[in-house]
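Content type PDB, C-alpha atoms, pLDDT in the B column, from the file structure_7.pdb:
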ATOM      1  CA  GLY E   1    -156.309 -10.223-139.120  1.00 48.00           C
ATOM      2  CA  GLY E   2    -160.028 -10.702-139.563  1.00 52.00           C
ATOM      3  CA  ALA E   3    -161.881 -13.482-141.340  1.00 56.00           C
ATOM      4  CA  ALA E   4    -161.021 -15.249-144.587  1.00 63.00           C
ATOM      5  CA  LYS E   5    -161.744 -12.992-147.559  1.00 74.00           C
ATOM      6  CA  GLY E   6    -163.594 -15.314-149.928  1.00 89.00           C
ATOM      7  CA  SER E   7    -162.170 -17.374-152.770  1.00 94.00           C
ATOM      8  CA  SER E   8    -158.537 -16.815-153.665  1.00 96.00           C
ATOM      9  CA  THR E   9    -159.138 -17.344-157.383  1.00 96.00           C
ATOM     10  CA  GLN E  10    -162.664 -15.998-157.984  1.00 96.00           C
ATOM     11  CA  PHE E  11    -163.041 -12.249-157.410  1.00 95.00           C
ATOM     12  CA  ASP E  12    -164.078  -9.092-159.247  1.00 95.00           C
ATOM     13  CA  ASP E  13    -162.123  -5.888-159.851  1.00 94.00           C
ATOM     14  CA  ASP E  14    -163.474  -4.243-156.699  1.00 93.00           C
ATOM     15  CA  ALA E  15    -162.220  -7.163-154.593  1.00 94.00           C
ATOM     16  CA  TRP E  16    -158.806  -6.842-156.263  1.00 95.00           C
ATOM     17  CA  TYR E  17    -158.476  -3.186-155.291  1.00 95.00           C
ATOM     18  CA  ARG E  18    -160.022  -3.694-151.870  1.00 93.00           C
ATOM     19  CA  LEU E  19    -157.492  -6.360-150.862  1.00 95.00           C
ATOM     20  CA  LEU E  20    -154.520  -4.369-152.190  1.00 96.00           C
ATOM     21  CA  SER E  21    -155.621  -1.229-150.356  1.00 95.00           C
ATOM     22  CA  ASP E  22    -156.070  -3.313-147.190  1.00 94.00           C
ATOM     23  CA  ALA E  23    -152.458  -4.452-147.578  1.00 95.00           C
ATOM     24  CA  GLY E  24    -151.359  -0.811-147.700  1.00 94.00           C
ATOM     25  CA  TYR E  25    -152.926  -0.239-144.286  1.00 94.00           C
ATOM     26  CA  MET E  26    -149.815  -1.893-142.835  1.00 96.00           C
ATOM     27  CA  GLU E  27    -147.988   1.418-143.263  1.00 95.00           C
ATOM     28  CA  GLU E  28    -150.442   3.291-141.050  1.00 95.00           C
ATOM     29  CA  LEU E  29    -150.198   0.548-138.434  1.00 95.00           C
ATOM     30  CA  ILE E  30    -146.402   0.799-138.339  1.00 97.00           C
ATOM     31  CA  ARG E  31    -146.407   4.592-138.138  1.00 96.00           C
ATOM     32  CA  ASN E  32    -149.047   4.715-135.410  1.00 97.00           C
ATOM     33  CA  HIS E  33    -147.435   1.986-133.289  1.00 97.00           C
ATOM     34  CA  TRP E  34    -144.050   3.659-133.654  1.00 96.00           C
ATOM     35  CA  GLN E  35    -145.497   6.934-132.409  1.00 96.00           C
ATOM     36  CA  ILE E  36    -147.196   5.253-129.440  1.00 97.00           C
ATOM     37  CA  MET E  37    -143.990   3.409-128.538  1.00 96.00           C
ATOM     38  CA  SER E  38    -142.063   6.691-128.520  1.00 95.00           C
ATOM     39  CA  GLU E  39    -144.094   7.851-125.521  1.00 96.00           C
ATOM     40  CA  THR E  40    -142.344   5.326-123.252  1.00 96.00           C
ATOM     41  CA  ASP E  41    -139.267   4.614-125.387  1.00 95.00           C
ATOM     42  CA  PRO E  42    -138.225   7.969-126.921  1.00 95.00           C
ATOM     43  CA  LYS E  43    -134.864   6.576-128.111  1.00 94.00           C
ATOM     44  CA  HIS E  44    -136.640   3.674-129.845  1.00 95.00           C
ATOM     45  CA  SER E  45    -134.436   0.957-128.393  1.00 95.00           C
ATOM     46  CA  ILE E  46    -137.333  -1.456-129.011  1.00 96.00           C
ATOM     47  CA  LYS E  47    -138.260  -2.278-132.614  1.00 97.00           C
ATOM     48  CA  LEU E  48    -141.444  -3.674-134.119  1.00 97.00           C
ATOM     49  CA  VAL E  49    -142.089  -7.320-134.993  1.00 97.00           C
ATOM     50  CA  VAL E  50    -144.950  -8.213-137.352  1.00 96.00           C
ATOM     51  CA  ASP E  51    -145.595 -11.774-136.247  1.00 94.00           C
ATOM     52  CA  GLU E  52    -147.933 -12.748-139.114  1.00 95.00           C
ATOM     53  CA  TRP E  53    -148.989 -10.991-142.300  1.00 96.00           C
ATOM     54  CA  GLY E  54    -150.540 -11.935-145.618  1.00 96.00           C
ATOM     55  CA  ALA E  55    -153.829 -12.479-147.426  1.00 95.00           C
ATOM     56  CA  TRP E  56    -156.260 -14.971-145.896  1.00 95.00           C
ATOM     57  CA  HIS E  57    -158.671 -16.774-148.213  1.00 96.00           C
ATOM     58  CA  GLU E  58    -161.072 -19.680-147.908  1.00 95.00           C
ATOM     59  CA  THR E  59    -159.850 -23.286-148.121  1.00 95.00           C
ATOM     60  CA  ASP E  60    -159.740 -24.602-151.703  1.00 95.00           C
ATOM     61  CA  SER E  61    -160.980 -28.191-151.462  1.00 93.00           C
ATOM     62  CA  SER E  62    -159.403 -29.020-154.860  1.00 93.00           C
ATOM     63  CA  ILE E  63    -155.995 -29.145-153.119  1.00 96.00           C
ATOM     64  CA  ASP E  64    -157.084 -31.285-150.167  1.00 94.00           C
ATOM     65  CA  PRO E  65    -160.168 -30.627-148.017  1.00 92.00           C
ATOM     66  CA  SER E  66    -158.185 -31.533-144.905  1.00 94.00           C
ATOM     67  CA  TYR E  67    -155.606 -28.762-145.530  1.00 94.00           C
ATOM     68  CA  LEU E  68    -157.059 -25.903-143.493  1.00 92.00           C
ATOM     69  CA  TRP E  69    -156.757 -22.550-145.331  1.00 93.00           C
ATOM     70  CA  ALA E  70    -154.822 -24.079-148.228  1.00 96.00           C
ATOM     71  CA  TYR E  71    -155.617 -22.247-151.472  1.00 97.00           C
ATOM     72  CA  TRP E  72    -154.030 -21.214-154.774  1.00 98.00           C
ATOM     73  CA  PRO E  73    -152.516 -17.735-154.405  1.00 98.00           C
ATOM     74  CA  THR E  74    -152.940 -15.584-157.510  1.00 98.00           C
ATOM     75  CA  LEU E  75    -151.313 -12.512-159.000  1.00 98.00           C
ATOM     76  CA  ARG E  76    -153.401 -10.510-156.510  1.00 98.00           C
ATOM     77  CA  ASP E  77    -151.608 -12.182-153.599  1.00 98.00           C
ATOM     78  CA  ALA E  78    -148.283 -11.480-155.289  1.00 98.00           C
ATOM     79  CA  LEU E  79    -149.089  -7.764-155.288  1.00 98.00           C
ATOM     80  CA  VAL E  80    -150.152  -7.991-151.630  1.00 98.00           C
ATOM     81  CA  SER E  81    -146.671  -9.391-150.965  1.00 98.00           C
ATOM     82  CA  GLY E  82    -144.908  -6.653-152.912  1.00 98.00           C
ATOM     83  CA  ILE E  83    -146.884  -3.831-151.311  1.00 98.00           C
ATOM     84  CA  THR E  84    -146.260  -5.208-147.817  1.00 98.00           C
ATOM     85  CA  LEU E  85    -142.556  -5.956-148.279  1.00 98.00           C
ATOM     86  CA  ASP E  86    -141.992  -2.474-149.719  1.00 98.00           C
ATOM     87  CA  ILE E  87    -143.646  -0.966-146.624  1.00 98.00           C
ATOM     88  CA  PHE E  88    -141.310  -2.940-144.391  1.00 98.00           C
ATOM     89  CA  HIS E  89    -138.312  -1.800-146.451  1.00 97.00           C
ATOM     90  CA  ARG E  90    -139.358   1.858-146.288  1.00 97.00           C
ATOM     91  CA  HIS E  91    -139.547   1.523-142.491  1.00 97.00           C
ATOM     92  CA  ALA E  92    -136.420  -0.584-142.022  1.00 96.00           C
ATOM     93  CA  ASN E  93    -135.427   1.580-139.046  1.00 96.00           C
ATOM     94  CA  LYS E  94    -138.616   0.564-137.247  1.00 97.00           C
ATOM     95  CA  VAL E  95    -139.281  -3.072-138.170  1.00 97.00           C
ATOM     96  CA  ALA E  96    -136.847  -5.727-136.909  1.00 96.00           C
ATOM     97  CA  MET E  97    -138.631  -8.878-138.095  1.00 97.00           C
ATOM     98  CA  THR E  98    -141.696  -9.889-140.080  1.00 96.00           C
ATOM     99  CA  ASN E  99    -143.191 -13.305-140.790  1.00 96.00           C
ATOM    100  CA  ALA E 100    -145.444 -14.197-143.697  1.00 95.00           C
ATOM    101  CA  ALA E 101    -148.186 -16.540-142.583  1.00 91.00           C
ATOM    102  CA  GLN E 102    -147.479 -19.320-143.540  1.00 91.00           C
ATOM    103  CA  LEU E 103    -144.874 -21.082-145.692  1.00 95.00           C
ATOM    104  CA  ILE E 104    -146.705 -24.073-147.187  1.00 96.00           C
ATOM    105  CA  ASN E 105    -150.307 -25.283-147.627  1.00 97.00           C
ATOM    106  CA  ASN E 106    -151.839 -22.510-145.562  1.00 95.00           C
ATOM    107  CA  ILE E 107    -152.389 -18.739-145.449  1.00 95.00           C
ATOM    108  CA  HIS E 108    -150.303 -16.714-147.922  1.00 96.00           C
ATOM    109  CA  SER E 109    -148.213 -19.742-148.858  1.00 97.00           C
ATOM    110  CA  SER E 110    -145.111 -19.755-151.025  1.00 98.00           C
ATOM    111  CA  PHE E 111    -145.500 -23.471-151.768  1.00 98.00           C
ATOM    112  CA  ILE E 112    -148.389 -25.890-152.290  1.00 98.00           C
ATOM    113  CA  ALA E 113    -147.802 -29.643-152.023  1.00 97.00           C
ATOM    114  CA  ARG E 114    -149.808 -32.837-151.813  1.00 97.00           C
ATOM    115  CA  GLY E 115    -148.147 -36.244-151.927  1.00 95.00           C
ATOM    116  CA  ASP E 116    -145.513 -36.049-154.666  1.00 96.00           C
ATOM    117  CA  ARG E 117    -147.159 -33.040-156.361  1.00 96.00           C
ATOM    118  CA  PHE E 118    -145.698 -29.584-155.828  1.00 97.00           C
ATOM    119  CA  ALA E 119    -146.028 -26.017-157.087  1.00 98.00           C
ATOM    120  CA  VAL E 120    -144.494 -22.680-156.204  1.00 98.00           C
ATOM    121  CA  THR E 121    -146.911 -19.766-155.939  1.00 98.00           C
ATOM    122  CA  PRO E 122    -146.703 -16.163-157.217  1.00 98.00           C
ATOM    123  CA  ILE E 123    -145.923 -15.206-153.604  1.00 98.00           C
ATOM    124  CA  TYR E 124    -142.735 -17.298-153.798  1.00 98.00           C
ATOM    125  CA  HIS E 125    -141.677 -15.444-156.938  1.00 98.00           C
ATOM    126  CA  VAL E 126    -142.072 -12.068-155.212  1.00 98.00           C
ATOM    127  CA  PHE E 127    -139.947 -13.211-152.266  1.00 98.00           C
ATOM    128  CA  ARG E 128    -137.300 -14.451-154.679  1.00 98.00           C
ATOM    129  CA  MET E 129    -137.341 -11.130-156.541  1.00 98.00           C
ATOM    130  CA  TYR E 130    -137.152  -9.096-153.338  1.00 98.00           C
ATOM    131  CA  ALA E 131    -134.301 -11.209-151.942  1.00 98.00           C
ATOM    132  CA  ALA E 132    -131.999  -8.901-153.936  1.00 98.00           C
ATOM    133  CA  HIS E 133    -132.620  -6.284-151.210  1.00 98.00           C
ATOM    134  CA  GLN E 134    -130.905  -8.476-148.590  1.00 97.00           C
ATOM    135  CA  GLY E 135    -127.733  -6.919-147.233  1.00 96.00           C
ATOM    136  CA  GLY E 136    -128.592  -3.526-148.697  1.00 97.00           C
ATOM    137  CA  THR E 137    -129.297  -0.187-147.053  1.00 97.00           C
ATOM    138  CA  SER E 138    -132.812   1.191-147.393  1.00 97.00           C
ATOM    139  CA  VAL E 139    -132.815   4.602-149.074  1.00 96.00           C
ATOM    140  CA  ARG E 140    -135.555   7.206-149.253  1.00 95.00           C
ATOM    141  CA  THR E 141    -137.863   6.441-152.166  1.00 94.00           C
ATOM    142  CA  LEU E 142    -140.502   8.921-153.307  1.00 94.00           C
ATOM    143  CA  PHE E 143    -143.280   8.381-155.855  1.00 94.00           C
ATOM    144  CA  ASN E 144    -144.992  11.433-157.337  1.00 93.00           C
ATOM    145  CA  VAL E 145    -148.228   9.674-158.287  1.00 92.00           C
ATOM    146  CA  PRO E 146    -151.943  10.080-157.509  1.00 91.00           C
ATOM    147  CA  ASN E 147    -154.120   7.628-155.603  1.00 91.00           C
ATOM    148  CA  LEU E 148    -156.390   5.294-157.554  1.00 91.00           C
ATOM    149  CA  ASN E 149    -160.145   5.746-157.434  1.00 81.00           C
ATOM    150  CA  HIS E 150    -161.757   2.584-156.081  1.00 76.00           C
ATOM    151  CA  ASN E 151    -164.421   1.412-153.646  1.00 74.00           C
ATOM    152  CA  SER E 152    -162.357   0.918-150.501  1.00 71.00           C
ATOM    153  CA  PRO E 153    -161.943   2.793-147.213  1.00 72.00           C
ATOM    154  CA  ASN E 154    -158.136   2.774-147.572  1.00 79.00           C
ATOM    155  CA  THR E 155    -156.127   4.673-150.176  1.00 86.00           C
ATOM    156  CA  LEU E 156    -154.110   2.907-152.875  1.00 93.00           C
ATOM    157  CA  ALA E 157    -151.284   4.701-154.663  1.00 94.00           C
ATOM    158  CA  ALA E 158    -150.932   4.301-158.428  1.00 95.00           C
ATOM    159  CA  LEU E 159    -147.362   3.151-157.758  1.00 97.00           C
ATOM    160  CA  SER E 160    -145.491   2.227-154.592  1.00 97.00           C
ATOM    161  CA  GLY E 161    -142.152   0.635-153.856  1.00 98.00           C
ATOM    162  CA  SER E 162    -138.793   0.707-152.103  1.00 98.00           C
ATOM    163  CA  CYS E 163    -135.114   0.974-152.954  1.00 98.00           C
ATOM    164  CA  SER E 164    -131.897  -0.348-151.399  1.00 98.00           C
ATOM    165  CA  LEU E 165    -128.219   0.214-152.085  1.00 97.00           C
ATOM    166  CA  GLN E 166    -125.178  -2.022-151.848  1.00 97.00           C
ATOM    167  CA  GLY E 167    -122.234   0.164-152.762  1.00 96.00           C
ATOM    168  CA  LYS E 168    -123.231   1.661-156.117  1.00 96.00           C
ATOM    169  CA  HIS E 169    -125.665  -1.121-156.997  1.00 97.00           C
ATOM    170  CA  ALA E 170    -129.343  -0.268-156.536  1.00 97.00           C
ATOM    171  CA  VAL E 171    -132.415  -2.484-156.264  1.00 98.00           C
ATOM    172  CA  LEU E 172    -135.779  -0.794-156.847  1.00 98.00           C
ATOM    173  CA  THR E 173    -138.999  -2.768-156.396  1.00 98.00           C
ATOM    174  CA  VAL E 174    -142.316  -1.311-157.557  1.00 98.00           C
ATOM    175  CA  VAL E 175    -145.959  -2.407-157.548  1.00 98.00           C
ATOM    176  CA  ASN E 176    -148.446  -1.138-160.136  1.00 98.00           C
ATOM    177  CA  PRO E 177    -151.903  -2.139-158.809  1.00 97.00           C
ATOM    178  CA  ASP E 178    -153.870  -0.673-161.721  1.00 97.00           C
ATOM    179  CA  ILE E 179    -155.515  -3.492-163.647  1.00 97.00           C
ATOM    180  CA  HIS E 180    -155.604  -1.627-166.972  1.00 96.00           C
ATOM    181  CA  ARG E 181    -153.140   1.279-167.010  1.00 96.00           C
ATOM    182  CA  THR E 182    -149.412   1.244-167.688  1.00 96.00           C
ATOM    183  CA  GLN E 183    -147.562   3.803-165.589  1.00 95.00           C
ATOM    184  CA  ASP E 184    -144.916   5.762-167.508  1.00 95.00           C
ATOM    185  CA  VAL E 185    -142.381   7.224-165.107  1.00 94.00           C
ATOM    186  CA  SER E 186    -139.088   9.066-165.008  1.00 94.00           C
ATOM    187  CA  ILE E 187    -136.664   7.559-162.490  1.00 95.00           C
ATOM    188  CA  ARG E 188    -133.972   9.727-160.926  1.00 93.00           C
ATOM    189  CA  ALA E 189    -131.271   8.779-158.424  1.00 92.00           C
ATOM    190  CA  GLY E 190    -130.290  12.180-157.103  1.00 88.00           C
ATOM    191  CA  SER E 191    -127.383  13.511-159.186  1.00 89.00           C
ATOM    192  CA  ALA E 192    -126.083  10.018-160.067  1.00 92.00           C
ATOM    193  CA  GLY E 193    -126.309   8.447-163.482  1.00 92.00           C
ATOM    194  CA  ILE E 194    -128.172   5.168-164.008  1.00 94.00           C
ATOM    195  CA  THR E 195    -126.511   2.378-166.006  1.00 93.00           C
ATOM    196  CA  ASN E 196    -126.684  -1.386-166.599  1.00 93.00           C
ATOM    197  CA  VAL E 197    -130.422  -1.627-165.978  1.00 95.00           C
ATOM    198  CA  ARG E 198    -132.144  -5.006-165.792  1.00 96.00           C
ATOM    199  CA  SER E 199    -135.795  -5.666-165.062  1.00 97.00           C
ATOM    200  CA  THR E 200    -137.646  -8.616-163.583  1.00 98.00           C
ATOM    201  CA  VAL E 201    -141.420  -8.411-163.977  1.00 98.00           C
ATOM    202  CA  LEU E 202    -144.158 -10.582-162.516  1.00 98.00           C
ATOM    203  CA  SER E 203    -147.487  -9.974-164.248  1.00 98.00           C
ATOM    204  CA  ALA E 204    -150.176 -11.683-166.325  1.00 97.00           C
ATOM    205  CA  SER E 205    -152.952 -10.802-168.744  1.00 95.00           C
ATOM    206  CA  ASP E 206    -155.454 -12.299-166.276  1.00 97.00           C
ATOM    207  CA  ILE E 207    -155.456 -10.928-162.716  1.00 98.00           C
ATOM    208  CA  HIS E 208    -156.673 -14.348-161.522  1.00 98.00           C
ATOM    209  CA  ALA E 209    -153.555 -16.095-162.879  1.00 98.00           C
ATOM    210  CA  HIS E 210    -152.047 -18.709-160.558  1.00 98.00           C
ATOM    211  CA  ASN E 211    -149.922 -21.834-160.621  1.00 98.00           C
ATOM    212  CA  THR E 212    -151.361 -25.294-159.995  1.00 97.00           C
ATOM    213  CA  PHE E 213    -150.088 -28.870-159.864  1.00 97.00           C
ATOM    214  CA  ASP E 214    -151.072 -29.272-163.530  1.00 97.00           C
ATOM    215  CA  ALA E 215    -149.711 -25.866-164.585  1.00 97.00           C
ATOM    216  CA  PRO E 216    -146.855 -25.082-162.175  1.00 96.00           C
ATOM    217  CA  ARG E 217    -145.336 -22.397-164.425  1.00 97.00           C
ATOM    218  CA  ALA E 218    -148.477 -20.566-165.503  1.00 97.00           C
ATOM    219  CA  ILE E 219    -147.178 -17.365-163.901  1.00 98.00           C
ATOM    220  CA  GLU E 220    -143.507 -16.586-163.304  1.00 97.00           C
ATOM    221  CA  PRO E 221    -141.205 -13.557-163.624  1.00 98.00           C
ATOM    222  CA  VAL E 222    -139.697 -12.406-166.906  1.00 97.00           C
ATOM    223  CA  GLU E 223    -136.210 -10.886-166.983  1.00 96.00           C
ATOM    224  CA  LYS E 224    -134.816  -8.496-169.584  1.00 91.00           C
ATOM    225  CA  SER E 225    -132.258  -5.756-170.043  1.00 89.00           C
ATOM    226  CA  VAL E 226    -133.458  -2.146-170.255  1.00 92.00           C
ATOM    227  CA  THR E 227    -132.017   0.539-172.504  1.00 87.00           C
ATOM    228  CA  GLY E 228    -132.247   4.218-171.654  1.00 76.00           C
ATOM    229  CA  ARG E 229    -130.455   7.251-170.353  1.00 75.00           C
ATOM    230  CA  THR E 230    -130.560   9.278-167.138  1.00 78.00           C
ATOM    231  CA  PRO E 231    -133.216  10.072-166.063  1.00 86.00           C
ATOM    232  CA  LEU E 232    -134.437   6.578-166.828  1.00 92.00           C
ATOM    233  CA  THR E 233    -137.848   6.382-168.489  1.00 93.00           C
ATOM    234  CA  TYR E 234    -139.652   3.154-167.678  1.00 95.00           C
ATOM    235  CA  GLN E 235    -143.125   1.711-168.196  1.00 96.00           C
ATOM    236  CA  PHE E 236    -144.575  -0.297-165.327  1.00 97.00           C
ATOM    237  CA  VAL E 237    -147.133  -2.627-166.903  1.00 97.00           C
ATOM    238  CA  PRO E 238    -150.596  -3.086-165.370  1.00 98.00           C
ATOM    239  CA  ALA E 239    -151.110  -5.410-162.393  1.00 98.00           C
ATOM    240  CA  SER E 240    -147.432  -6.042-161.852  1.00 98.00           C
ATOM    241  CA  VAL E 241    -144.571  -6.412-159.419  1.00 98.00           C
ATOM    242  CA  THR E 242    -141.276  -5.166-160.889  1.00 98.00           C
ATOM    243  CA  ARG E 243    -137.670  -5.317-159.748  1.00 98.00           C
ATOM    244  CA  LEU E 244    -135.223  -2.927-161.399  1.00 97.00           C
ATOM    245  CA  GLU E 245    -131.513  -3.388-160.721  1.00 97.00           C
ATOM    246  CA  PHE E 246    -129.000  -0.798-161.889  1.00 95.00           C
ATOM    247  CA  ASP E 247    -125.641   0.769-161.150  1.00 95.00           C
ATOM    248  CA  LEU E 248    -125.038   4.359-160.145  1.00 94.00           C
ATOM    249  CA  SER E 249    -122.288   6.367-161.823  1.00 90.00           C
TER     250      SER E 249
END
What does the file become when written as structure tokens?
Amino acid sequence: GGAAKGSSTQFDDDAWYRLLSDAGYMEELIRNHWQIMSETDPKHSIKLVVDEWGAWHETDSSIDPSYLWAYWPTLRDALVSGITLDIFHRHANKVAMTNAAQLINNIHSSFIARGDRFAVTPIYHVFRMYAAHQGGTSVRTLFNVPNLNHNSPNTLAALSGSCSLQGKHAVLTVVNPDIHRTQDVSIRAGSAGITNVRSTVLSASDIHAHNTFDAPRAIEPVEKSVTGRTPLTYQFVPASVTRLEFDLS
């Protein structure tokens, strides 16, 4: 909600952290609404629907001045997507449906098009990465990390994410919002071993990175296999959305 938050592609570090911490506020909203709903529906037969969510920026006239709220989403908007989707996954027992606003040429778009020109956005790539969660069961996911120090009224964890299981196959998605610091972590899956690890990482050296009609593949995920033993040691690179897939043994 609220008004458009300035240019989608021109912002400083404070604006980066401010928008990402604002995205994290969704968790407090879900928890508080769930508690209020329990007063009249203690068995929680009614679930939550988030009718619209996403980052809202000013119209970028370089796309088409007549396209209201059309803009080029950047890596920052990709992290907004990851943070928000992970919140929904962590509260899968509470949230029945959510809708990113909107799909094309508007707020938090996955696609930008004009005439015969077309580009997918970093937001699209996050949705494609997180599609691996579909059909899975949300499992409790804990991150033993501090909060980042930044100029914002809302807190922002150094790492956040969610995990789902389909049989013995796990999907773990993680956002590292820190612009400069890699986060070295040890990943444990209870008493199970972790094998056959593959990573998909969406990041860029420039936090303003975005795709355009002239450069439609300026930012896209990179996939690779990961070697290691249980517990798995992994480095989440700065300003990134990561999907780890692995099997439990």
**Asked** Could you name the residues that touch E:Thr9 at 10 Å or less, counting all atoms listed in the file, but leaving out those on the same chain fewer than 6 positions away, as a count of residues only?
**Response** 14
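Residue nearest E:Phe127 within the list E:Val139, E:Met26, E:Leu165, E:Val241: E:Val241 [criterion: smallest interatomic distance, only C-alpha atoms].
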**Message:** When you look at stretch 216-233 of chain E with a cut-off of 6 Å (counting only C-alpha atoms), what residues show up, excluding the ones that are within fewer than 5 positions of it in the same chain? I need them as number ranges by chain.
**Reply:** E: 119, 185-188, 193-194, 197-202, 211
**Message:** Suppose a student applies the PyMOL selection byres ((chain E and resi 17) around 10) to this structure; what residues should they get, written as JSON, numbers by chain?
**Reply:** {"E": [12, 13, 14, 15, 16, 18, 19, 20, 21, 22, 23, 76, 148, 149, 150, 151, 152, 154, 155, 156, 177, 178, 179]}
**Message:** Show me, as a PyMOL selection string, the residues that have an atom within 10 Å of E:Ser45 when counting only C-alpha atoms, minus same-chain residues fewer than 5 positions from it.
**Reply:** chain E and resi 37-38+94
Complete the atom set of stretch 200-206 of chain E to all heavy atoms and return it as a CSV table (one decimal), in the coordinates of the input.
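Produced file part_24.csv, reproduced below:
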chain,number,residue,atom,x,y,z
E,200,THR,N,-137.0,-7.3,-163.8
E,200,THR,CA,-137.6,-8.6,-163.6
E,200,THR,C,-139.1,-8.3,-163.3
E,200,THR,O,-139.4,-7.5,-162.3
E,200,THR,CB,-137.0,-9.4,-162.4
E,200,THR,OG1,-135.6,-9.5,-162.6
E,200,THR,CG2,-137.7,-10.7,-162.2
E,201,VAL,N,-140.0,-8.8,-164.1
E,201,VAL,CA,-141.4,-8.4,-164.0
E,201,VAL,C,-142.3,-9.6,-163.8
E,201,VAL,O,-142.2,-10.6,-164.5
E,201,VAL,CB,-141.9,-7.6,-165.2
E,201,VAL,CG1,-143.3,-7.2,-165.1
E,201,VAL,CG2,-141.0,-6.4,-165.5
E,202,LEU,N,-143.1,-9.6,-162.8
E,202,LEU,CA,-144.2,-10.6,-162.5
E,202,LEU,C,-145.5,-10.0,-162.8
E,202,LEU,O,-145.9,-9.0,-162.2
E,202,LEU,CB,-144.1,-11.1,-161.1
E,202,LEU,CG,-145.1,-12.2,-160.7
E,202,LEU,CD1,-144.7,-13.5,-161.4
E,202,LEU,CD2,-145.1,-12.4,-159.2
E,203,SER,N,-146.2,-10.5,-163.8
E,203,SER,CA,-147.5,-10.0,-164.2
E,203,SER,C,-148.2,-11.0,-165.1
E,203,SER,O,-147.6,-12.1,-165.3
E,203,SER,CB,-147.3,-8.7,-165.0
E,203,SER,OG,-148.6,-8.1,-165.2
E,204,ALA,N,-149.4,-10.8,-165.5
E,204,ALA,CA,-150.2,-11.7,-166.3
E,204,ALA,C,-151.3,-10.9,-167.0
E,204,ALA,O,-151.8,-9.9,-166.5
E,204,ALA,CB,-150.7,-12.8,-165.5
E,205,SER,N,-151.8,-11.4,-168.1
E,205,SER,CA,-153.0,-10.8,-168.7
E,205,SER,C,-154.2,-11.0,-168.0
E,205,SER,O,-155.2,-10.2,-168.1
E,205,SER,CB,-153.1,-11.4,-170.2
E,205,SER,OG,-153.3,-12.8,-170.1
E,206,ASP,N,-154.3,-12.0,-167.1
E,206,ASP,CA,-155.5,-12.3,-166.3
E,206,ASP,C,-155.1,-12.1,-164.8
E,206,ASP,O,-154.1,-12.7,-164.3
E,206,ASP,CB,-155.9,-13.7,-166.5
E,206,ASP,CG,-157.1,-14.1,-165.7
E,206,ASP,OD1,-157.7,-13.3,-165.0
E,206,ASP,OD2,-157.5,-15.3,-165.7
